[in-house]
file query_10.txt (compact mmCIF, C-alpha atoms)
# COMPACT_ATOMS: atom_id res chain seq x y z
CA MET A 1 13.62 5.30 12.51
CA GLY A 2 12.20 4.80 15.92
CA THR A 3 13.22 4.89 19.53
CA ALA A 4 14.68 1.41 19.97
CA GLY A 5 18.24 2.69 19.98
CA GLU A 6 19.11 3.14 16.32
CA GLY A 7 18.74 6.90 16.71
CA TYR A 8 21.85 6.98 18.88
CA ALA A 9 23.91 5.55 16.04
CA LEU A 10 22.81 8.06 13.40
CA THR A 11 24.65 11.22 12.58
CA ASP A 12 22.49 14.31 12.14
CA THR A 13 22.96 14.02 8.36
CA GLN A 14 21.78 10.39 8.38
CA CYS A 15 18.81 11.26 10.59
CA LYS A 16 17.77 14.09 8.30
CA GLU A 17 18.03 11.86 5.23
CA ALA A 18 15.94 9.11 6.88
CA VAL A 19 13.25 11.60 7.90
CA LYS A 20 13.29 13.24 4.47
CA VAL A 21 12.75 9.93 2.66
CA PHE A 22 10.10 8.79 5.17
CA ALA A 23 8.23 12.11 4.98
CA ARG A 24 8.28 12.08 1.18
CA LEU A 25 6.54 8.69 1.26
CA ALA A 26 4.27 9.10 4.29
CA VAL A 27 3.12 12.72 4.50
CA LYS A 28 -0.15 12.39 2.62
CA PRO A 29 -3.79 13.22 3.28
CA GLY A 30 -5.36 10.69 5.64
CA LEU A 31 -2.04 9.47 7.04
CA ASP A 32 -0.53 10.40 10.40
CA PRO A 33 3.15 9.48 10.11
CA GLN A 34 5.14 9.46 13.34
CA VAL A 35 8.88 9.86 13.82
CA GLY A 36 10.74 8.52 16.81
CA VAL A 37 13.25 10.88 18.39
CA ILE A 38 16.04 9.58 20.58
CA SER A 39 19.22 11.28 21.71
CA LEU A 40 21.46 11.95 24.67
CA SER A 41 21.45 15.68 23.92
CA MET A 42 18.52 18.03 24.52
CA GLY A 43 19.73 20.22 21.67
CA GLN A 44 19.70 17.26 19.33
CA PHE A 45 16.17 16.32 20.48
CA LEU A 46 14.93 19.79 19.62
CA GLU A 47 16.78 19.95 16.29
CA ARG A 48 15.50 16.54 15.19
CA ILE A 49 11.89 17.39 16.05
CA ALA A 50 12.21 20.74 14.27
CA TRP A 51 13.71 19.10 11.17
CA ALA A 52 10.95 16.47 11.02
CA ARG A 53 8.32 19.17 11.56
CA ASP A 54 9.76 21.11 8.63
CA GLN A 55 9.27 17.96 6.52
CA GLY A 56 5.57 17.81 7.41
CA ILE A 57 5.72 15.35 10.31
CA ARG A 58 3.31 16.26 13.11
CA MET A 59 3.51 13.23 15.43
CA PHE A 60 6.58 12.30 17.45
CA GLN A 61 7.53 9.54 19.84
CA ILE A 62 10.26 10.62 22.20
CA SER A 63 12.34 8.54 24.56
CA LEU A 64 13.64 9.90 27.80
CA PRO A 65 17.43 10.19 27.88
CA SER A 66 18.98 6.85 28.83
CA TRP A 67 22.07 8.11 30.64
CA GLY A 68 20.50 7.48 34.01
CA MET A 69 17.34 7.48 36.06
CA LEU A 70 15.72 10.91 36.03
CA ASP A 71 14.20 12.31 39.17
CA GLU A 72 10.88 14.18 39.04
CA LYS A 73 12.54 17.58 38.63
CA GLU A 74 14.68 16.36 35.72
CA ARG A 75 11.71 14.68 34.00
CA MET A 76 9.63 17.83 34.30
CA LEU A 77 12.46 19.96 32.94
CA PHE A 78 12.84 17.55 30.01
CA PHE A 79 9.13 17.71 29.14
CA LYS A 80 8.85 21.45 29.77
CA THR A 81 11.72 22.00 27.35
CA VAL A 82 10.37 19.69 24.64
CA CYS A 83 6.64 20.35 25.10
CA GLY A 84 7.18 24.02 25.73
CA ARG A 85 8.65 24.42 22.29
CA PHE A 86 6.50 21.89 20.43
CA LEU A 87 3.27 21.87 22.46
CA HIS A 88 1.04 21.97 19.39
CA TYR A 89 2.42 18.66 18.11
CA ASN A 90 1.50 15.17 19.25
CA LEU A 91 4.35 13.95 21.46
CA THR A 92 4.33 10.41 22.82
CA CYS A 93 6.83 9.19 25.39
CA THR A 94 8.58 5.87 25.77
CA SER A 95 10.54 5.19 28.90
CA PRO A 96 13.82 3.23 28.83
CA ALA A 97 14.16 0.82 31.75
CA ARG A 98 16.73 3.00 33.52
CA THR A 99 14.30 5.92 33.75
CA SER A 100 11.84 3.79 35.79
CA ARG A 101 8.67 5.65 34.79
CA CYS A 102 7.25 8.00 32.24
CA THR A 103 5.79 11.45 32.66
CA SER A 104 3.84 12.25 29.55
CA CYS A 105 2.63 15.28 27.71
CA SER A 106 0.22 15.55 24.87
CA ALA A 107 -1.18 18.29 22.75
call {"tool": "encode", "arguments": {"input": "query_10.txt", "output": "structure tokens"}}
result
Amino acid sequence: MGTAGEGYALTDTQCKEAVKVFARLAVKPGLDPQVGVISLSMGQFLERIAWARDQGIRMFQISLPSWGMLDEKERMLFFKTVCGRFLHYNLTCTSPARTSRCTSCSA
């Protein structure tokens, strides 16, 4: 599961099952599996990252919310919230066209 839009269509149960199966196959020495996280809800972003982390995933690609263009203050709040909680994980950002640009964070 990535950040191309399919994450919007998944229920939390479906997302957890997809991550569980992926992690079972990909979390191995020498591999750096990455899970894409996409949602319209900040709470769901945090829950999905936490769930994947609990399955052994340590790299995440996150997409900015697509409900509208974010101004600088909103982008910084988004990244402070996500990176503030998961700073010690590798977070990569993709930027939907409506967000116009990406502010990134990395750990």
call {"tool": "closest_residue", "arguments": {"input": "query_10.txt", "among": "A:Leu10, A:Met42, A:Ile57, A:Ala52", "to": "Lys28 in chain A", "atoms": "all atoms listed in the file"}}
result
A:Ile57
call {"tool": "atom_distance", "arguments": {"input": "query_10.txt", "atom1": "CA of Arg58 in chain A", "atom2": "CA of Glu72 in chain A"}}
result
27.1 Å
call {"tool": "axis_aligned_box", "arguments": {"input": "query_10.txt", "around": "range 41-60 of chain A", "padding_each_side": "3 Å", "output": "JSON"}}
result
{"center_x": 12.4, "center_y": 16.7, "center_z": 15.5, "size_x": 24.1, "size_y": 14.8, "size_z": 24.0}
call {"tool": "residues_around", "arguments": {"input": "query_10.txt", "residues": "Val37 in chain A", "least_positions_apart": "3", "cutoff": "8 Å", "atoms": "only C-alpha atoms", "output": "PyMOL selection string"}}
result
chain A and resi 2-3+7+45+48-49+60-63
call {"tool": "closest_residue", "arguments": {"input": "query_10.txt", "among": "A:Ala26, A:Ala50, A:Val35, A:Leu64", "to": "Arg85 in chain A", "atoms": "only C-alpha atoms"}}
result
A:Ala50
call {"tool": "atom_distance", "arguments": {"input": "query_10.txt", "atom1": "CA of Phe86 in chain A", "atom2": "CA of Met59 in chain A"}}
result
10.4 Å
call {"tool": "residues_around", "arguments": {"input": "query_10.txt", "residues": "Val19 in chain A", "least_positions_apart": "2", "cutoff": "9 Å", "atoms": "all atoms listed in the file", "output": "MDAnalysis selection string"}}
result
chainID A and resid 1 14:17 21:24 35 51:52 55 57
call {"tool": "write_last_selection", "arguments": {"input": "query_10.txt", "atoms": "C-alpha atoms", "output": "short mmCIF file (atom, residue, chain, number, x, y, z; two decimals), in the coordinates of the input"}}
result
data_model
loop_
_atom_site.label_atom_id
_atom_site.label_comp_id
_atom_site.auth_asym_id
_atom_site.auth_seq_id
_atom_site.Cartn_x
_atom_site.Cartn_y
_atom_site.Cartn_z
CA MET A 1 13.62 5.30 12.51
CA GLN A 14 21.78 10.39 8.38
CA CYS A 15 18.81 11.26 10.59
CA LYS A 16 17.77 14.09 8.30
CA GLU A 17 18.03 11.86 5.23
CA VAL A 21 12.75 9.93 2.66
CA PHE A 22 10.10 8.79 5.17
CA ALA A 23 8.23 12.11 4.98
CA ARG A 24 8.28 12.08 1.18
CA VAL A 35 8.88 9.86 13.82
CA TRP A 51 13.71 19.10 11.17
CA ALA A 52 10.95 16.47 11.02
CA GLN A 55 9.27 17.96 6.52
CA ILE A 57 5.72 15.35 10.31
#
call {"tool": "closest_residue", "arguments": {"input": "query_10.txt", "among": "A:Arg53, A:Asp71, A:Glu47, A:Gly84", "to": "Gln34 in chain A", "atoms": "all atoms listed in the file"}}
result
A:Arg53
call {"tool": "atom_distance", "arguments": {"input": "query_10.txt", "atom1": "CA of Ser66 in chain A", "atom2": "CA of Ser41 in chain A"}}
result
10.4 Å
call {"tool": "closest_residue", "arguments": {"input": "query_10.txt", "among": "A:Leu40, A:Ala18, A:Cys83, A:Gly30", "to": "Pro65 in chain A", "atoms": "all atoms listed in the file"}}
result
A:Leu40
call {"tool": "closest_residue", "arguments": {"input": "query_10.txt", "among": "A:Lys20, A:Phe79, A:Glu74, A:Glu6", "to": "Gly36 in chain A", "atoms": "all atoms listed in the file"}}
result
A:Glu6
call {"tool": "closest_residue", "arguments": {"input": "query_10.txt", "among": "A:Leu46, A:Leu25, A:Ser39, A:Pro33", "to": "Val82 in chain A", "atoms": "only C-alpha atoms"}}
result
A:Leu46
